[in-house]
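Taking it in order: structure first as structure tokens, then the write-up.
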Amino acid sequence: MLDGLALFGRSLLNFGDPLTLIYVAIASLLGLVIGALPGLTATMGVALLTTLTLKMSSEVALLVLVCAYVGAIYGGSRSAILLNIPGTPANAAACLDGNALARQGLAGRAMGVSTTGSVMGTLIGIFFLAAFTPVLGEFALKFGAYEFFWLALFGVVVSGNLTGDDPLKGWLVGFLGLFVACVGQDAIHAYERFAFGNRDLAGGFQLIPALVGAFGFAEVLSVLSERSARPEIRSVDSYFPRPRDVLKYWRTVIRSGLIGTFMGIVPGVGEDVASWSSYAAARRSSKEREKFGKGSVEGLMAAETGDNACVPGAMIPVLALAVPGSAPAAVLMAAMIIHGVQPGPMIMVQNPQFVFDVVAMMLYATLGIFVFGLLLVRPLIKVLQVPRDIIMPIVFVLCVIGSFAIAQRLFDIWTMLGFGLAGFVLRRFNYPMAPFVLGIVLGDLLDKNLRRGLVLSDGDLTPFFLRPISAVLWGITLLVILMNVPAFSRAVSAVPAAIRARLRPETGP
Amino acid sequence: MWSIGWIVAGAAVVYGAWTMDRLENMHINPYTAPGLVPGVLGLGLIVLGAFLMLRAVRAGGLQNSEGAHSTLAAGRLAAAVILCLGYAAGLVGRGLPFWLSTFVFVTATIMVFQWPERRARGTIARGAVLAAVCGAGTAAAVTIVFQEIFLVRLP
């Protein structure tokens, strides 16, 4: 405990010099603008900024990316409130009450609530990031090949189940992502799989160009192909947060923070599910349920606390297991590897300082969004009024640079184009992108550990099913799948009623 | 029709994995054969694709449960695809300086997408100047920021 505090203190001091604080300010501001502009998501923003950080030291580079990530998730609430268009998918729930408040002439108050909720949510997430990552890291040291295989499959199945309307489509793209990760040299024998003699394909698809394509180019195509009117924004009242909003809804803040953090820890689920889950939970337990959707401060607070708590939450499995909790966290994980930091179970043994560095980065990012959230309300409104016909070509130029710059291969630009076109078509047909991304990230883990496990057990499948942690992981994976079978789901739902019915005669008079 | 596509893709992956070299001449452990995992994933795609087809058939037709919800304008989409592919695959890396191809792309894209609105308002010349300014600004900014300040090589 004291060791952790000492490491955290050192991390805070390390990032406290003026030049680093300038980076914090610029990155938070960039993140805020990226998040606020509809069509620019946190994933895209972090992926594009990775290019700019290539020549920085690893600590500063990751600090910049973390600030941009936190800033983007917060910034998305601005367009949700002012335009009724979520700046990032994470802010869709904020549209419901945020824009309703704006229509009542309370846009400023809504932005204040969003700032308070985002800051509180990030702080709750940061607490669990600091407290839980070392514990999970220690626990993950018990993981072997069998457990990592199930963890990879569990991530794809859960992500497919929760991130779209149709789990079957989520699992299909998840499996497609796992397959895409198999293209190129395999990690055990360096054999070229599905390369067809092409030298570029033999190197495999790099994660950043694939993500820039699936999230960036696909979004550019979506936005440019739809006609949009120039946004009109009403006047803004006072936007300073009111402490009594937090005091009045403290239960909602804590509940949403916990839900958001938990959703962040679950692999590949991400901020949008965290936000909707927090909103739904707040609505269920609210005394003012009738106000939800019509301008409820509590609803907006829940949505914004939930999605921002998810950001530090999503970093917990990245650091402890090398499994990303959300799509932007997947990019951050790729950036860590590019900068020579290897996340995973050994991090608490080899580089415990880094875990607390990330905690400190999150804290500085929170400070950044709080300051800019209060100071830059009116300039951000101007940014929101720039037509998207002008922004999107510039974003596409950044997509091209972002794909090329990491390895200086033209093939990476073509990868971005291919994944962008595929992502655009898949999204049009309601296939979610998060499981696809998670599949690409986890493909290598699944591939190596299935084969290693089979070698260790000499082809015996029982260790995959009977080791305690493996049993829990495959049990949950199977349960998630079966819960989508109507007959099974009905039977499970009937169990509590059956138990109550059986207990009633015994407890009765 | 998506379900058939998934099943065909899964079958192609299984075929590719099955016919992949098992490296027997290197005496490797057969459980580490490179085609093992792709083969399993291909089977997974076939099974999930079959479920998708089954569900579509039960819902009354292959198209009903799989259709896209689309509000996009086909002309705008075609223009976006042509401009983006033309820039990224046609101009970049073909000998033209990056700043010049970027200027051409940004200017042309803004002009194309603002054309109907500008024509209706009679402000085409103003739109062209604005597009050229945006194009020049973007080309200059990305070159200075990426190449000069952050030392990132441009294509």
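Note on naming: chains are A, B, ... as they come in the structure tokens, residues start from 1 per chain, ligands start from 1 in the order shown.
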What's around region 127-140 of chain B at 9 Å? Count only C-alpha atoms, leave out sequence neighbours fewer than 4 positions away in its own chain, and write the answer as a PDB file with N, CA and C atoms, in the first residue's frame.
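File out-v5.pdb, as written:
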```pdb
ATOM      1  N   ILE A 390     -15.884  20.456 -44.652  1.00  0.00           N
ATOM      2  CA  ILE A 390     -14.516  20.993 -44.583  1.00  0.00           C
ATOM      3  C   ILE A 390     -13.646  20.125 -43.671  1.00  0.00           C
ATOM      4  N   ILE A 394      -9.895  16.907 -44.299  1.00  0.00           N
ATOM      5  CA  ILE A 394      -8.679  17.095 -43.489  1.00  0.00           C
ATOM      6  C   ILE A 394      -8.442  15.861 -42.619  1.00  0.00           C
ATOM      7  N   VAL A 397      -6.871  13.172 -44.678  1.00  0.00           N
ATOM      8  CA  VAL A 397      -5.426  13.400 -44.860  1.00  0.00           C
ATOM      9  C   VAL A 397      -4.677  12.863 -43.630  1.00  0.00           C
TER      10      VAL A 397
ATOM     11  N   PHE B  98       3.835  15.402 -51.336  1.00  0.00           N
ATOM     12  CA  PHE B  98       2.662  15.149 -50.494  1.00  0.00           C
ATOM     13  C   PHE B  98       1.824  16.412 -50.312  1.00  0.00           C
ATOM     14  N   TRP B  99       2.503  17.552 -50.151  1.00  0.00           N
ATOM     15  CA  TRP B  99       1.749  18.797 -49.920  1.00  0.00           C
ATOM     16  C   TRP B  99       0.873  19.131 -51.120  1.00  0.00           C
ATOM     17  N   LEU B 100       1.399  18.825 -52.334  1.00  0.00           N
ATOM     18  CA  LEU B 100       0.641  19.158 -53.543  1.00  0.00           C
ATOM     19  C   LEU B 100      -0.583  18.237 -53.684  1.00  0.00           C
ATOM     20  N   SER B 101      -0.377  16.943 -53.478  1.00  0.00           N
ATOM     21  CA  SER B 101      -1.523  16.027 -53.590  1.00  0.00           C
ATOM     22  C   SER B 101      -2.563  16.338 -52.508  1.00  0.00           C
ATOM     23  N   THR B 102      -2.086  16.733 -51.323  1.00  0.00           N
ATOM     24  CA  THR B 102      -3.016  17.082 -50.240  1.00  0.00           C
ATOM     25  C   THR B 102      -3.812  18.337 -50.603  1.00  0.00           C
ATOM     26  N   PHE B 103      -3.122  19.326 -51.169  1.00  0.00           N
ATOM     27  CA  PHE B 103      -3.804  20.560 -51.582  1.00  0.00           C
ATOM     28  C   PHE B 103      -4.901  20.237 -52.612  1.00  0.00           C
ATOM     29  N   VAL B 104      -4.541  19.428 -53.601  1.00  0.00           N
ATOM     30  CA  VAL B 104      -5.498  19.076 -54.660  1.00  0.00           C
ATOM     31  C   VAL B 104      -6.699  18.337 -54.052  1.00  0.00           C
ATOM     32  N   PHE B 105      -6.424  17.359 -53.185  1.00  0.00           N
ATOM     33  CA  PHE B 105      -7.501  16.537 -52.615  1.00  0.00           C
ATOM     34  C   PHE B 105      -8.454  17.366 -51.754  1.00  0.00           C
ATOM     35  N   VAL B 106      -7.891  18.137 -50.822  1.00  0.00           N
ATOM     36  CA  VAL B 106      -8.752  18.890 -49.896  1.00  0.00           C
ATOM     37  C   VAL B 106      -9.580  19.919 -50.664  1.00  0.00           C
ATOM     38  N   THR B 107      -8.931  20.632 -51.579  1.00  0.00           N
ATOM     39  CA  THR B 107      -9.642  21.649 -52.366  1.00  0.00           C
ATOM     40  C   THR B 107     -10.771  21.006 -53.172  1.00  0.00           C
ATOM     41  N   ALA B 108     -10.431  19.925 -53.874  1.00  0.00           N
ATOM     42  CA  ALA B 108     -11.432  19.279 -54.737  1.00  0.00           C
ATOM     43  C   ALA B 108     -12.589  18.721 -53.912  1.00  0.00           C
ATOM     44  N   THR B 109     -12.280  18.098 -52.775  1.00  0.00           N
ATOM     45  CA  THR B 109     -13.337  17.470 -51.973  1.00  0.00           C
ATOM     46  C   THR B 109     -14.298  18.519 -51.421  1.00  0.00           C
ATOM     47  N   ILE B 110     -13.745  19.610 -50.895  1.00  0.00           N
ATOM     48  CA  ILE B 110     -14.623  20.652 -50.344  1.00  0.00           C
ATOM     49  C   ILE B 110     -15.492  21.238 -51.459  1.00  0.00           C
ATOM     50  N   MET B 111     -14.888  21.479 -52.607  1.00  0.00           N
ATOM     51  CA  MET B 111     -15.666  22.057 -53.722  1.00  0.00           C
ATOM     52  C   MET B 111     -16.779  21.110 -54.163  1.00  0.00           C
ATOM     53  N   GLN B 114     -19.582  20.898 -51.470  1.00  0.00           N
ATOM     54  CA  GLN B 114     -20.331  22.142 -51.237  1.00  0.00           C
ATOM     55  C   GLN B 114     -20.975  22.667 -52.524  1.00  0.00           C
ATOM     56  N   TRP B 115     -20.715  21.993 -53.635  1.00  0.00           N
ATOM     57  CA  TRP B 115     -21.173  22.464 -54.939  1.00  0.00           C
ATOM     58  C   TRP B 115     -22.689  22.721 -54.992  1.00  0.00           C
ATOM     59  N   ARG B 118     -23.628  25.785 -52.916  1.00  0.00           N
ATOM     60  CA  ARG B 118     -23.029  27.007 -53.466  1.00  0.00           C
ATOM     61  C   ARG B 118     -23.738  27.432 -54.757  1.00  0.00           C
ATOM     62  N   THR B 123     -22.811  31.287 -55.039  1.00  0.00           N
ATOM     63  CA  THR B 123     -21.521  31.681 -54.428  1.00  0.00           C
ATOM     64  C   THR B 123     -20.415  30.696 -54.805  1.00  0.00           C
ATOM     65  N   ILE B 144       4.302  21.244 -42.018  1.00  0.00           N
ATOM     66  CA  ILE B 144       5.082  21.877 -40.942  1.00  0.00           C
ATOM     67  C   ILE B 144       4.999  21.059 -39.654  1.00  0.00           C
ATOM     68  N   VAL B 145       3.748  20.700 -39.265  1.00  0.00           N
ATOM     69  CA  VAL B 145       3.575  20.021 -37.970  1.00  0.00           C
ATOM     70  C   VAL B 145       4.220  18.637 -37.990  1.00  0.00           C
TER      71      VAL B 145
END
```
May I have all residues of region 48-154 of chain B that DSSP, computed from the backbone, assigns to helix (DSSP H, G or I), given as a VMD selection string? chain B and resid 48 to 58 74 to 91 98 to 121 124 to 149
Residue selection dump (C-alpha atoms) as a short mmCIF file (atom, residue, chain, number, x, y, z; two decimals), in the first residue's frame:
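Written file, part_12.cif:
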```
data_model
loop_
_atom_site.label_atom_id
_atom_site.label_comp_id
_atom_site.auth_asym_id
_atom_site.auth_seq_id
_atom_site.Cartn_x
_atom_site.Cartn_y
_atom_site.Cartn_z
CA LEU B 48 -22.14 -18.61 -37.12
CA GLY B 49 -22.97 -17.92 -40.78
CA ALA B 50 -25.26 -20.97 -40.76
CA PHE B 51 -27.06 -19.63 -37.68
CA LEU B 52 -27.46 -16.27 -39.44
CA MET B 53 -28.94 -18.04 -42.46
CA LEU B 54 -31.24 -20.16 -40.32
CA ARG B 55 -32.51 -17.08 -38.55
CA ALA B 56 -33.05 -15.22 -41.83
CA VAL B 57 -34.95 -18.17 -43.31
CA ARG B 58 -37.13 -18.42 -40.19
CA ALA B 74 -25.53 7.26 -53.39
CA GLY B 75 -24.01 10.11 -55.41
CA ARG B 76 -22.28 11.62 -52.40
CA LEU B 77 -20.99 8.21 -51.34
CA ALA B 78 -19.59 7.51 -54.82
CA ALA B 79 -17.89 10.92 -54.87
CA ALA B 80 -16.41 10.36 -51.41
CA VAL B 81 -15.05 6.92 -52.35
CA ILE B 82 -13.60 8.13 -55.66
CA LEU B 83 -11.94 11.21 -54.12
CA CYS B 84 -10.50 9.35 -51.12
CA LEU B 85 -9.24 6.38 -53.14
CA GLY B 86 -7.95 8.68 -55.86
CA TYR B 87 -5.93 10.60 -53.29
CA ALA B 88 -4.66 7.76 -51.10
CA ALA B 89 -4.04 5.15 -53.80
CA GLY B 90 -3.64 7.34 -56.89
CA LEU B 91 -1.72 10.46 -55.81
CA PHE B 98 2.66 15.15 -50.49
CA TRP B 99 1.75 18.80 -49.92
CA LEU B 100 0.64 19.16 -53.54
CA SER B 101 -1.52 16.03 -53.59
CA THR B 102 -3.02 17.08 -50.24
CA PHE B 103 -3.80 20.56 -51.58
CA VAL B 104 -5.50 19.08 -54.66
CA PHE B 105 -7.50 16.54 -52.61
CA VAL B 106 -8.75 18.89 -49.90
CA THR B 107 -9.64 21.65 -52.37
CA ALA B 108 -11.43 19.28 -54.74
CA THR B 109 -13.34 17.47 -51.97
CA ILE B 110 -14.62 20.65 -50.34
CA MET B 111 -15.67 22.06 -53.72
CA VAL B 112 -17.45 18.85 -54.77
CA PHE B 113 -19.40 18.47 -51.52
CA GLN B 114 -20.33 22.14 -51.24
CA TRP B 115 -21.17 22.46 -54.94
CA PRO B 116 -24.99 21.99 -54.77
CA GLU B 117 -25.39 24.45 -51.90
CA ARG B 118 -23.03 27.01 -53.47
CA ARG B 119 -24.72 26.75 -56.86
CA ALA B 120 -28.14 27.30 -55.29
CA ARG B 121 -26.86 30.39 -53.49
CA ILE B 124 -19.43 29.25 -56.47
CA ALA B 125 -16.42 31.59 -56.82
CA ARG B 126 -16.41 32.30 -53.09
CA GLY B 127 -16.66 28.57 -52.39
CA ALA B 128 -13.74 27.84 -54.70
CA VAL B 129 -11.56 30.43 -52.93
CA LEU B 130 -12.55 29.05 -49.51
CA ALA B 131 -11.79 25.48 -50.67
CA ALA B 132 -8.38 26.54 -52.03
CA VAL B 133 -7.55 28.36 -48.78
CA CYS B 134 -8.51 25.25 -46.76
CA GLY B 135 -6.47 23.06 -49.12
CA ALA B 136 -3.41 25.29 -48.91
CA GLY B 137 -3.76 25.64 -45.14
CA THR B 138 -4.03 21.89 -44.62
CA ALA B 139 -1.09 21.14 -46.93
CA ALA B 140 1.08 23.72 -45.15
CA ALA B 141 -0.03 22.73 -41.65
CA VAL B 142 0.49 18.97 -42.02
CA THR B 143 3.89 19.50 -43.66
CA ILE B 144 5.08 21.88 -40.94
CA VAL B 145 3.57 20.02 -37.97
CA PHE B 146 4.41 16.46 -38.99
CA GLN B 147 7.61 16.84 -41.02
CA GLU B 148 9.30 19.84 -39.41
CA ILE B 149 8.11 19.85 -35.78
#
```
What residues in chain A lie within 7 Å of chain B, counting only C-alpha atoms, written as a list in words? Leu52, Lys55, Leu168, Leu172, Phe175, Phe179, Cys182, Asp186, Tyr191, Leu221, Leu224, Ser225, Glu226, Asp389, Ile390, Pro393, Ile394, Val397, Val400, Ile401, Phe404, Ala405, Arg428, Phe429, Asp447, Arg451, Leu454, Val455 and Gly459 of chain A
Determine, counting only C-alpha atoms, which protein, DNA and RNA residues have an atom within 9 Å of an atom of Tyr146 (chain A); residues of the same chain fewer than 6 positions away are not included. Present the result as a PyMOL selection string. chain A and resi 449-450+452-454+463-465+467+469-470
Kindly save the residues from that selection, with N, CA and C atoms included, as a short mmCIF file (atom, residue, chain, number, x, y, z; two decimals), in the first residue's frame.
```cif
data_model
loop_
_atom_site.label_atom_id
_atom_site.label_comp_id
_atom_site.auth_asym_id
_atom_site.auth_seq_id
_atom_site.Cartn_x
_atom_site.Cartn_y
_atom_site.Cartn_z
N ASN A 449 -1.68 -19.31 -27.60
CA ASN A 449 -1.99 -20.04 -26.37
C ASN A 449 -2.80 -21.30 -26.61
N LEU A 450 -3.60 -21.34 -27.68
CA LEU A 450 -4.29 -22.60 -27.99
C LEU A 450 -3.26 -23.65 -28.37
N ARG A 452 0.05 -23.63 -27.74
CA ARG A 452 0.94 -23.94 -26.61
C ARG A 452 0.24 -24.89 -25.63
N GLY A 453 -1.03 -24.58 -25.36
CA GLY A 453 -1.79 -25.40 -24.42
C GLY A 453 -1.89 -26.83 -24.91
N LEU A 454 -2.15 -27.01 -26.21
CA LEU A 454 -2.27 -28.36 -26.76
C LEU A 454 -0.94 -29.10 -26.69
N PRO A 463 -7.32 -30.04 -19.56
CA PRO A 463 -6.85 -28.86 -18.80
C PRO A 463 -7.53 -27.57 -19.24
N PHE A 464 -7.96 -27.52 -20.49
CA PHE A 464 -8.67 -26.33 -20.96
C PHE A 464 -9.99 -26.14 -20.22
N PHE A 465 -10.54 -27.25 -19.73
CA PHE A 465 -11.87 -27.17 -19.12
C PHE A 465 -11.85 -27.36 -17.61
N ARG A 467 -9.07 -26.83 -15.27
CA ARG A 467 -8.31 -25.94 -14.37
C ARG A 467 -9.26 -24.85 -13.85
N ILE A 469 -9.41 -21.55 -13.06
CA ILE A 469 -9.65 -20.26 -13.72
C ILE A 469 -10.20 -20.48 -15.13
N SER A 470 -9.67 -21.51 -15.81
CA SER A 470 -10.19 -21.84 -17.15
C SER A 470 -11.66 -22.17 -17.06
#
```
Backbone-only DSSP, strand (DSSP E) members of region 36-208 of chain A, as a ChimeraX atom specification: /A:184-185,192-193
Please provide the set of residues having any atom within 9 Å of Glu219 (chain A), restricted to only C-alpha atoms, with same-chain residues fewer than 3 positions apart removed, written as a list in words.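 After dropping sequence-adjacent residues, the list is Gly39, Leu40, Thr41, Gly213, Ala214, Phe215, Gly216, Ser222, Val223, Leu224, Met392, Gly420, Gly423 and Phe424 of chain A.
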